[in-house]
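Notes for the one structure printed next.
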Amino acid sequence: MLLIKNGHIKTMAGAEYENGCILSGNDGKIVAVAEVLEAPEGATVLDAEGRLVTPGCVEAHCHVGIHNAAMRWEGADYNEKSDPITPHMRAIDGIYPQDEYLAQAIEGGVTSACTGPGSANVVGGTFAAIKLVGNRVDKMIIKDPVAMKCAFGENPKGAFGQSSKKAPITRMATAALLRELLFKAKKYTEDKENGKEPGFDMKLEAMIPVIKREIPLKAHAHRADDILTAIRIAKEFNVLLTLDHCTDGALIAEELAEEGYPAFIGPSFGSKGKIELQNKSFTTPAKLHAAGVPISIITDAPVTPLQYLPLFAGLAAQAGLDYEEAWRAITINPANQVGIGHRVGSLEPGKDADIVIWSADPLTAIGAGAYTTIVDGKIIFQA
């Protein structure tokens, strides 16, 4: 058991303790959060000495583990460019747990991430939510699958049409290929449910959870028209959807608020390296939140380093996002929006004891990282 005392605890579940305690059990779950708790016999006691204590940060969209540091030598694992439609690809079959980026994220206070294929393919395969600690991906999984990756705009056009003259060459073709897959998957699912037993198709099998609204389409979309195309298709087939990157979101904030789909905003740091990134800004989270759009902030790691997720939330707060909402955008919001909020994202009894004691508030102190990072009740990192 582990008792943290004398911490300024932000639970992200409504309560905040200026000087409180957290007790976790031998099963790695939180037992209690309160102003005063006694240490059970045999428990390890950590004195936070007044430092900020929060849940481990949660990344809603990245590629760590599957797009890993070793790729510089071996070649990319995160885009299966042999075919623009590969829904049967699974992130868990490409994640390298020993990737140095995972350890760096832990030092930055990020303990969970939704990771998966890149955006070269119109449909690229499934994402998984994992803890960022472990030697074997099967034991790191929080939920798999959490979403089916699809992509709009420049990336699929560049990966296929411009390089090989293979569809999609245009945005119209990207939409058409996705529609075709969804039409086939819908009929395949209906036939199976009606006892017709269609011939086995691995790609269509992978799409059944999407058709049955068990997982969302995870739509890479930067430009306003691409975002709205993703919404149009999702509504046409009555499937769930998240809007990932959402760079032009502020231009269509009212329309997005009417639709209600979660927006995973970022990465807002770095160069505007593509035409569709011209409106990239840290003001976007504030504008979308003000309009009523559910938001999370993302790094798209390793496009930008995962350990800087809290810094990006701080920059969004500096650009107008409410401070408390900025914290929610990297903890409970992404946890709920990727379907793992019952496990992580807040400090509540029964949830995983993923806890960060900060060296300073990372949203206000540039360069602040974790003083201590705890995952499943175990101390993983200490500065």
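A note on labels: chains of the structure tokens are A, B, ... as shown, every chain counts residues from 1, and ligands are counted from 1 in their shown order.
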Legend entry - Spatial neighbours of Ile95 (chain A), max dist 8 Å, only C-alpha atoms, sep filter under 2 positions, as an MDAnalysis selection string: chainID A and resid 64:67 91:93 97 137
Would you write out, as a tab-separated table, a table of all residues in region 256-342 of chain A that have an atom no more than 10 Å from an atom of region 219-229 of chain A, listing for each the closest atom pair and the distance in Å to one decimal, considering only C-alpha atoms and ordering rows by chain and rising residue number?
residue	atom	partner	partner_atom	distance
A:Leu256	CA	A:Leu228	CA	8.5
A:Glu259	CA	A:Leu228	CA	10.0
A:Ala263	CA	A:Ala219	CA	9.9
A:Phe264	CA	A:His220	CA	9.6
A:Ile265	CA	A:His222	CA	9.5
A:Gly266	CA	A:His222	CA	9.4
A:Ile275	CA	A:Arg223	CA	9.1
A:Glu276	CA	A:Arg223	CA	5.5
A:Leu277	CA	A:His222	CA	6.8
A:Gln278	CA	A:Arg223	CA	9.1
A:Asn279	CA	A:Arg223	CA	8.7
A:Lys280	CA	A:His222	CA	8.9
Inset, instruction - Work out how far CA of Gly7 (chain A) is from CA of Ala313 (chain A), in Å to one decimal. - result: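 Separation between CA of Ala313 (chain A) and CA of Gly7 (chain A): 21.5 Å.
Distances here use only C-alpha atoms; by that measure, the residue among A:Ala105, A:Ala360, A:Ala175, A:Val31 closest to Tyr308 (chain A) is A:Ala105.
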Can I get the residues of region 102-210 of chain A within 8 Å of region 364-379 of chain A, each with the closest pair of atoms and their distance in Å to one decimal, using only C-alpha atoms, sorted chain first then ascending number, as a tab-separated table?
residue	atom	partner	partner_atom	distance
A:Ile106	CA	A:Thr373	CA	6.7
A:Glu107	CA	A:Ala370	CA	5.7
A:Gly108	CA	A:Gly369	CA	4.9
A:Gly109	CA	A:Ala370	CA	5.2
A:Thr111	CA	A:Val375	CA	6.9
A:Val133	CA	A:Val375	CA	7.7
Since we have the selection now, will you write its residues out, keeping C-alpha atoms, as a PDB file, in the first residue's frame?
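Saved file out18.pdb follows:
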ATOM      1  CA  ILE A 106       6.537   9.067 -17.626  1.00  0.00           C
ATOM      2  CA  GLU A 107       9.141  11.617 -16.514  1.00  0.00           C
ATOM      3  CA  GLY A 108       6.826  14.292 -17.909  1.00  0.00           C
ATOM      4  CA  GLY A 109       3.852  13.050 -15.891  1.00  0.00           C
ATOM      5  CA  THR A 111       0.965   7.830 -17.708  1.00  0.00           C
ATOM      6  CA  VAL A 133       5.045   1.332 -18.377  1.00  0.00           C
TER       7      VAL A 133
END
Legend entry - Atom-to-atom span, CA of Glu35 (chain A) and CA of Gly314 (chain A), Å: 27.1 Å
Inset, instruction - Name all residues at most 9 Å from Ser24 (chain A) (count only C-alpha atoms; drop same-chain ones fewer than 4 positions away) and give them as a PyMOL selection string. - result: chain A and resi 1-4+28-32+349+352-353+376-377
Selection above as a file: all heavy atoms, as an mmCIF file, in the first residue's frame:
data_model
loop_
_atom_site.group_PDB
_atom_site.id
_atom_site.type_symbol
_atom_site.label_atom_id
_atom_site.label_comp_id
_atom_site.auth_asym_id
_atom_site.auth_seq_id
_atom_site.Cartn_x
_atom_site.Cartn_y
_atom_site.Cartn_z
ATOM 1 N N MET A 1 0.845 -1.195 0.000
ATOM 2 C CA MET A 1 0.000 0.000 0.000
ATOM 3 C C MET A 1 0.882 1.248 0.000
ATOM 4 O O MET A 1 2.031 1.205 0.441
ATOM 5 C CB MET A 1 -0.923 0.012 1.217
ATOM 6 C CG MET A 1 -1.825 -1.218 1.327
ATOM 7 S SD MET A 1 -2.987 -1.143 2.701
ATOM 8 C CE MET A 1 -4.256 -0.105 1.992
ATOM 9 N N LEU A 2 0.320 2.343 -0.504
ATOM 10 C CA LEU A 2 1.067 3.589 -0.621
ATOM 11 C C LEU A 2 0.199 4.738 -0.131
ATOM 12 O O LEU A 2 -0.940 4.905 -0.577
ATOM 13 C CB LEU A 2 1.481 3.822 -2.078
ATOM 14 C CG LEU A 2 2.202 5.131 -2.383
ATOM 15 C CD1 LEU A 2 3.578 5.162 -1.721
ATOM 16 C CD2 LEU A 2 2.348 5.304 -3.898
ATOM 17 N N LEU A 3 0.743 5.548 0.780
ATOM 18 C CA LEU A 3 0.047 6.740 1.254
ATOM 19 C C LEU A 3 0.850 7.967 0.849
ATOM 20 O O LEU A 3 2.042 8.079 1.166
ATOM 21 C CB LEU A 3 -0.110 6.712 2.775
ATOM 22 C CG LEU A 3 -0.770 7.971 3.373
ATOM 23 C CD1 LEU A 3 -2.251 8.026 3.016
ATOM 24 C CD2 LEU A 3 -0.580 8.037 4.876
ATOM 25 N N ILE A 4 0.195 8.870 0.132
ATOM 26 C CA ILE A 4 0.766 10.177 -0.177
ATOM 27 C C ILE A 4 0.119 11.185 0.769
ATOM 28 O O ILE A 4 -1.113 11.255 0.857
ATOM 29 C CB ILE A 4 0.495 10.573 -1.641
ATOM 30 C CG1 ILE A 4 1.131 9.555 -2.593
ATOM 31 C CG2 ILE A 4 1.030 11.977 -1.930
ATOM 32 C CD1 ILE A 4 0.712 9.733 -4.038
ATOM 33 N N GLY A 28 -3.217 -1.827 -6.631
ATOM 34 C CA GLY A 28 -2.929 -0.722 -7.529
ATOM 35 C C GLY A 28 -4.085 0.225 -7.739
ATOM 36 O O GLY A 28 -4.030 1.092 -8.624
ATOM 37 N N LYS A 29 -5.137 0.104 -6.929
ATOM 38 C CA LYS A 29 -6.304 0.971 -7.035
ATOM 39 C C LYS A 29 -6.310 1.992 -5.892
ATOM 40 O O LYS A 29 -5.763 1.746 -4.812
ATOM 41 C CB LYS A 29 -7.596 0.152 -6.976
ATOM 42 C CG LYS A 29 -7.721 -0.919 -8.044
ATOM 43 C CD LYS A 29 -7.901 -0.325 -9.419
ATOM 44 C CE LYS A 29 -8.131 -1.421 -10.468
ATOM 45 N NZ LYS A 29 -8.325 -0.858 -11.826
ATOM 46 N N ILE A 30 -6.943 3.131 -6.143
ATOM 47 C CA ILE A 30 -7.082 4.150 -5.115
ATOM 48 C C ILE A 30 -8.117 3.685 -4.098
ATOM 49 O O ILE A 30 -9.227 3.273 -4.463
ATOM 50 C CB ILE A 30 -7.491 5.496 -5.733
ATOM 51 C CG1 ILE A 30 -6.366 6.023 -6.633
ATOM 52 C CG2 ILE A 30 -7.826 6.520 -4.646
ATOM 53 C CD1 ILE A 30 -6.747 7.242 -7.450
ATOM 54 N N VAL A 31 -7.754 3.754 -2.829
ATOM 55 C CA VAL A 31 -8.642 3.358 -1.736
ATOM 56 C C VAL A 31 -9.408 4.565 -1.208
ATOM 57 O O VAL A 31 -10.616 4.497 -0.965
ATOM 58 C CB VAL A 31 -7.847 2.687 -0.593
ATOM 59 C CG1 VAL A 31 -8.754 2.399 0.607
ATOM 60 C CG2 VAL A 31 -7.171 1.413 -1.082
ATOM 61 N N ALA A 32 -8.697 5.678 -1.023
ATOM 62 C CA ALA A 32 -9.340 6.858 -0.435
ATOM 63 C C ALA A 32 -8.553 8.106 -0.789
ATOM 64 O O ALA A 32 -7.329 8.067 -0.991
ATOM 65 C CB ALA A 32 -9.443 6.716 1.083
ATOM 66 N N PRO A 349 -11.688 6.835 -5.475
ATOM 67 C CA PRO A 349 -11.632 5.444 -5.019
ATOM 68 C C PRO A 349 -12.106 4.472 -6.096
ATOM 69 O O PRO A 349 -13.104 4.724 -6.774
ATOM 70 C CB PRO A 349 -12.577 5.441 -3.806
ATOM 71 C CG PRO A 349 -12.508 6.837 -3.287
ATOM 72 C CD PRO A 349 -12.402 7.707 -4.518
ATOM 73 N N ASP A 352 -7.542 3.403 -11.039
ATOM 74 C CA ASP A 352 -6.128 3.063 -11.004
ATOM 75 C C ASP A 352 -5.344 4.156 -10.287
ATOM 76 O O ASP A 352 -5.587 5.350 -10.503
ATOM 77 C CB ASP A 352 -5.565 2.908 -12.414
ATOM 78 C CG ASP A 352 -6.206 1.755 -13.179
ATOM 79 O OD1 ASP A 352 -7.069 1.067 -12.610
ATOM 80 O OD2 ASP A 352 -5.837 1.559 -14.350
ATOM 81 N N ALA A 353 -4.388 3.753 -9.474
ATOM 82 C CA ALA A 353 -3.561 4.718 -8.744
ATOM 83 C C ALA A 353 -2.436 5.213 -9.644
ATOM 84 O O ALA A 353 -1.258 4.871 -9.473
ATOM 85 C CB ALA A 353 -3.020 4.088 -7.471
ATOM 86 N N ASP A 376 -0.315 2.498 -11.296
ATOM 87 C CA ASP A 376 -0.902 1.333 -10.631
ATOM 88 C C ASP A 376 -0.351 1.153 -9.220
ATOM 89 O O ASP A 376 -0.074 0.035 -8.758
ATOM 90 C CB ASP A 376 -0.663 0.056 -11.457
ATOM 91 C CG ASP A 376 -1.416 0.080 -12.779
ATOM 92 O OD1 ASP A 376 -2.504 0.690 -12.849
ATOM 93 O OD2 ASP A 376 -0.885 -0.488 -13.763
ATOM 94 N N GLY A 377 -0.179 2.284 -8.525
ATOM 95 C CA GLY A 377 0.252 2.247 -7.144
ATOM 96 C C GLY A 377 1.739 2.000 -6.943
ATOM 97 O O GLY A 377 2.198 1.927 -5.797
#
Could I get the residues of region 267-290 of chain A with an atom no further than 12 Å from an atom of region 295-307 of chain A, each paired with its nearest atom pair and that distance in Å to one decimal, using only C-alpha atoms, sorted by chain and residue number, as JSON lines?
{"residue": "A:Pro267", "atom": "CA", "partner": "A:Thr299", "partner_atom": "CA", "distance": 4.8}
{"residue": "A:Ser268", "atom": "CA", "partner": "A:Thr299", "partner_atom": "CA", "distance": 7.9}
{"residue": "A:Phe269", "atom": "CA", "partner": "A:Thr304", "partner_atom": "CA", "distance": 7.4}
{"residue": "A:Gly270", "atom": "CA", "partner": "A:Thr304", "partner_atom": "CA", "distance": 7.7}
{"residue": "A:Ser271", "atom": "CA", "partner": "A:Thr304", "partner_atom": "CA", "distance": 10.7}
{"residue": "A:Gly273", "atom": "CA", "partner": "A:Val303", "partner_atom": "CA", "distance": 11.5}
{"residue": "A:Ser281", "atom": "CA", "partner": "A:Ile297", "partner_atom": "CA", "distance": 11.9}
{"residue": "A:Phe282", "atom": "CA", "partner": "A:Ile297", "partner_atom": "CA", "distance": 9.8}
{"residue": "A:Thr283", "atom": "CA", "partner": "A:Ile297", "partner_atom": "CA", "distance": 11.6}
{"residue": "A:Thr284", "atom": "CA", "partner": "A:Ile295", "partner_atom": "CA", "distance": 9.9}
{"residue": "A:Pro285", "atom": "CA", "partner": "A:Ile295", "partner_atom": "CA", "distance": 6.8}
{"residue": "A:Ala286", "atom": "CA", "partner": "A:Ile295", "partner_atom": "CA", "distance": 9.2}
{"residue": "A:Lys287", "atom": "CA", "partner": "A:Ile295", "partner_atom": "CA", "distance": 10.3}
{"residue": "A:Leu288", "atom": "CA", "partner": "A:Ile295", "partner_atom": "CA", "distance": 7.3}
{"residue": "A:His289", "atom": "CA", "partner": "A:Ile295", "partner_atom": "CA", "distance": 6.5}
{"residue": "A:Ala290", "atom": "CA", "partner": "A:Ile295", "partner_atom": "CA", "distance": 10.3}
Writer output for current selection, all heavy atoms, as an mmCIF file, in the first residue's frame:
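Result file is part30.cif:
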data_model
loop_
_atom_site.group_PDB
_atom_site.id
_atom_site.type_symbol
_atom_site.label_atom_id
_atom_site.label_comp_id
_atom_site.auth_asym_id
_atom_site.auth_seq_id
_atom_site.Cartn_x
_atom_site.Cartn_y
_atom_site.Cartn_z
ATOM 1 N N PRO A 267 -1.158 18.752 -32.783
ATOM 2 C CA PRO A 267 -0.261 19.539 -31.943
ATOM 3 C C PRO A 267 -0.232 20.997 -32.388
ATOM 4 O O PRO A 267 -0.131 21.280 -33.588
ATOM 5 C CB PRO A 267 1.098 18.885 -32.158
ATOM 6 C CG PRO A 267 1.018 18.300 -33.542
ATOM 7 C CD PRO A 267 -0.420 17.896 -33.732
ATOM 8 N N SER A 268 -0.328 21.907 -31.442
ATOM 9 C CA SER A 268 -0.354 23.334 -31.753
ATOM 10 C C SER A 268 1.026 23.959 -31.694
ATOM 11 O O SER A 268 1.172 25.153 -31.956
ATOM 12 C CB SER A 268 -1.290 24.055 -30.768
ATOM 13 O OG SER A 268 -2.599 23.531 -30.858
ATOM 14 N N PHE A 269 2.027 23.179 -31.345
ATOM 15 C CA PHE A 269 3.408 23.654 -31.244
ATOM 16 C C PHE A 269 4.147 23.266 -32.519
ATOM 17 O O PHE A 269 3.823 22.282 -33.161
ATOM 18 C CB PHE A 269 4.077 23.016 -30.025
ATOM 19 C CG PHE A 269 5.386 23.643 -29.644
ATOM 20 C CD1 PHE A 269 5.415 24.818 -28.920
ATOM 21 C CD2 PHE A 269 6.579 23.047 -29.999
ATOM 22 C CE1 PHE A 269 6.610 25.394 -28.553
ATOM 23 C CE2 PHE A 269 7.785 23.612 -29.642
ATOM 24 C CZ PHE A 269 7.809 24.786 -28.913
ATOM 25 N N GLY A 270 5.157 24.037 -32.891
ATOM 26 C CA GLY A 270 5.986 23.680 -34.033
ATOM 27 C C GLY A 270 5.609 24.433 -35.290
ATOM 28 O O GLY A 270 4.722 25.289 -35.302
ATOM 29 N N SER A 271 6.272 24.080 -36.379
ATOM 30 C CA SER A 271 6.103 24.807 -37.639
ATOM 31 C C SER A 271 4.795 24.425 -38.326
ATOM 32 O O SER A 271 4.223 23.368 -38.071
ATOM 33 C CB SER A 271 7.265 24.494 -38.576
ATOM 34 O OG SER A 271 7.247 23.130 -38.964
ATOM 35 N N GLY A 273 4.049 23.138 -41.201
ATOM 36 C CA GLY A 273 4.765 22.459 -42.267
ATOM 37 C C GLY A 273 3.922 22.016 -43.443
ATOM 38 O O GLY A 273 4.454 21.563 -44.451
ATOM 39 N N SER A 281 -3.000 27.083 -33.899
ATOM 40 C CA SER A 281 -2.865 28.110 -32.865
ATOM 41 C C SER A 281 -3.250 27.541 -31.508
ATOM 42 O O SER A 281 -4.165 26.708 -31.398
ATOM 43 C CB SER A 281 -3.767 29.304 -33.184
ATOM 44 O OG SER A 281 -3.814 30.210 -32.110
ATOM 45 N N PHE A 282 -2.588 28.019 -30.464
ATOM 46 C CA PHE A 282 -2.954 27.640 -29.105
ATOM 47 C C PHE A 282 -4.233 28.327 -28.639
ATOM 48 O O PHE A 282 -4.734 28.024 -27.555
ATOM 49 C CB PHE A 282 -1.807 27.938 -28.133
ATOM 50 C CG PHE A 282 -0.749 26.870 -28.105
ATOM 51 C CD1 PHE A 282 0.493 27.093 -28.673
ATOM 52 C CD2 PHE A 282 -1.007 25.641 -27.525
ATOM 53 C CE1 PHE A 282 1.476 26.106 -28.647
ATOM 54 C CE2 PHE A 282 -0.044 24.636 -27.503
ATOM 55 C CZ PHE A 282 1.203 24.877 -28.068
ATOM 56 N N THR A 283 -4.788 29.235 -29.449
ATOM 57 C CA THR A 283 -6.072 29.846 -29.104
ATOM 58 C C THR A 283 -7.248 28.930 -29.442
ATOM 59 O O THR A 283 -8.365 29.147 -28.955
ATOM 60 C CB THR A 283 -6.275 31.182 -29.847
ATOM 61 O OG1 THR A 283 -6.329 30.949 -31.261
ATOM 62 C CG2 THR A 283 -5.147 32.159 -29.533
ATOM 63 N N THR A 284 -7.031 27.911 -30.261
ATOM 64 C CA THR A 284 -8.124 27.040 -30.706
ATOM 65 C C THR A 284 -8.839 26.340 -29.556
ATOM 66 O O THR A 284 -10.079 26.307 -29.538
ATOM 67 C CB THR A 284 -7.608 26.023 -31.737
ATOM 68 O OG1 THR A 284 -7.044 26.736 -32.841
ATOM 69 C CG2 THR A 284 -8.728 25.127 -32.242
ATOM 70 N N PRO A 285 -8.131 25.756 -28.569
ATOM 71 C CA PRO A 285 -8.872 25.113 -27.466
ATOM 72 C C PRO A 285 -9.830 26.060 -26.764
ATOM 73 O O PRO A 285 -10.971 25.682 -26.461
ATOM 74 C CB PRO A 285 -7.752 24.640 -26.533
ATOM 75 C CG PRO A 285 -6.578 24.433 -27.424
ATOM 76 C CD PRO A 285 -6.671 25.523 -28.446
ATOM 77 N N ALA A 286 -9.397 27.291 -26.496
ATOM 78 C CA ALA A 286 -10.268 28.248 -25.804
ATOM 79 C C ALA A 286 -11.494 28.580 -26.643
ATOM 80 O O ALA A 286 -12.619 28.655 -26.119
ATOM 81 C CB ALA A 286 -9.492 29.525 -25.482
ATOM 82 N N LYS A 287 -11.308 28.771 -27.925
ATOM 83 C CA LYS A 287 -12.428 29.141 -28.798
ATOM 84 C C LYS A 287 -13.428 27.995 -28.925
ATOM 85 O O LYS A 287 -14.648 28.223 -28.913
ATOM 86 C CB LYS A 287 -11.897 29.563 -30.167
ATOM 87 C CG LYS A 287 -11.130 30.882 -30.125
ATOM 88 C CD LYS A 287 -10.523 31.237 -31.477
ATOM 89 C CE LYS A 287 -9.772 32.555 -31.397
ATOM 90 N NZ LYS A 287 -9.113 32.900 -32.689
ATOM 91 N N LEU A 288 -12.935 26.774 -29.032
ATOM 92 C CA LEU A 288 -13.853 25.644 -29.146
ATOM 93 C C LEU A 288 -14.562 25.384 -27.820
ATOM 94 O O LEU A 288 -15.768 25.101 -27.801
ATOM 95 C CB LEU A 288 -13.103 24.389 -29.601
ATOM 96 C CG LEU A 288 -12.631 24.394 -31.056
ATOM 97 C CD1 LEU A 288 -11.960 23.075 -31.408
ATOM 98 C CD2 LEU A 288 -13.781 24.646 -32.013
ATOM 99 N N HIS A 289 -13.833 25.488 -26.724
ATOM 100 C CA HIS A 289 -14.466 25.310 -25.409
ATOM 101 C C HIS A 289 -15.537 26.369 -25.182
ATOM 102 O O HIS A 289 -16.638 26.053 -24.678
ATOM 103 C CB HIS A 289 -13.416 25.366 -24.311
ATOM 104 C CG HIS A 289 -13.996 25.311 -22.931
ATOM 105 N ND1 HIS A 289 -14.703 24.225 -22.462
ATOM 106 C CD2 HIS A 289 -13.991 26.221 -21.920
ATOM 107 C CE1 HIS A 289 -15.096 24.463 -21.223
ATOM 108 N NE2 HIS A 289 -14.687 25.660 -20.875
ATOM 109 N N ALA A 290 -15.256 27.610 -25.534
ATOM 110 C CA ALA A 290 -16.230 28.691 -25.358
ATOM 111 C C ALA A 290 -17.488 28.438 -26.171
ATOM 112 O O ALA A 290 -18.598 28.815 -25.756
ATOM 113 C CB ALA A 290 -15.604 30.025 -25.752
#
Inset, instruction - Could you tell me how far CA of Ala69 (chain A) lies from CA of Asp83 (chain A), in Å and to one decimal? - result: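 Computed distance, CA of Ala69 (chain A) to CA of Asp83 (chain A), equals 24.6 Å.
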Sorted by chain and rising residue number, which residues of region 12-63 of chain A lie within 12 Å of region 144-162 of chain A, and what are their closest atom pairs and distances in Å to one decimal, counting only C-alpha atoms, as a tab-separated table?
residue	atom	partner	partner_atom	distance
A:Ala60	CA	A:Val146	CA	10.3
A:His61	CA	A:Lys149	CA	10.2
A:Cys62	CA	A:Lys149	CA	11.3
A:His63	CA	A:Lys149	CA	11.5
Legend entry - Which of region 120-340 of chain A DSSP labels alpha helix (DSSP H), written as an MDAnalysis selection string: chainID A and resid 137:140 154:156 162:164 171:193 202:211 224:237 253:259 284:291 309:318 323:328 332:337
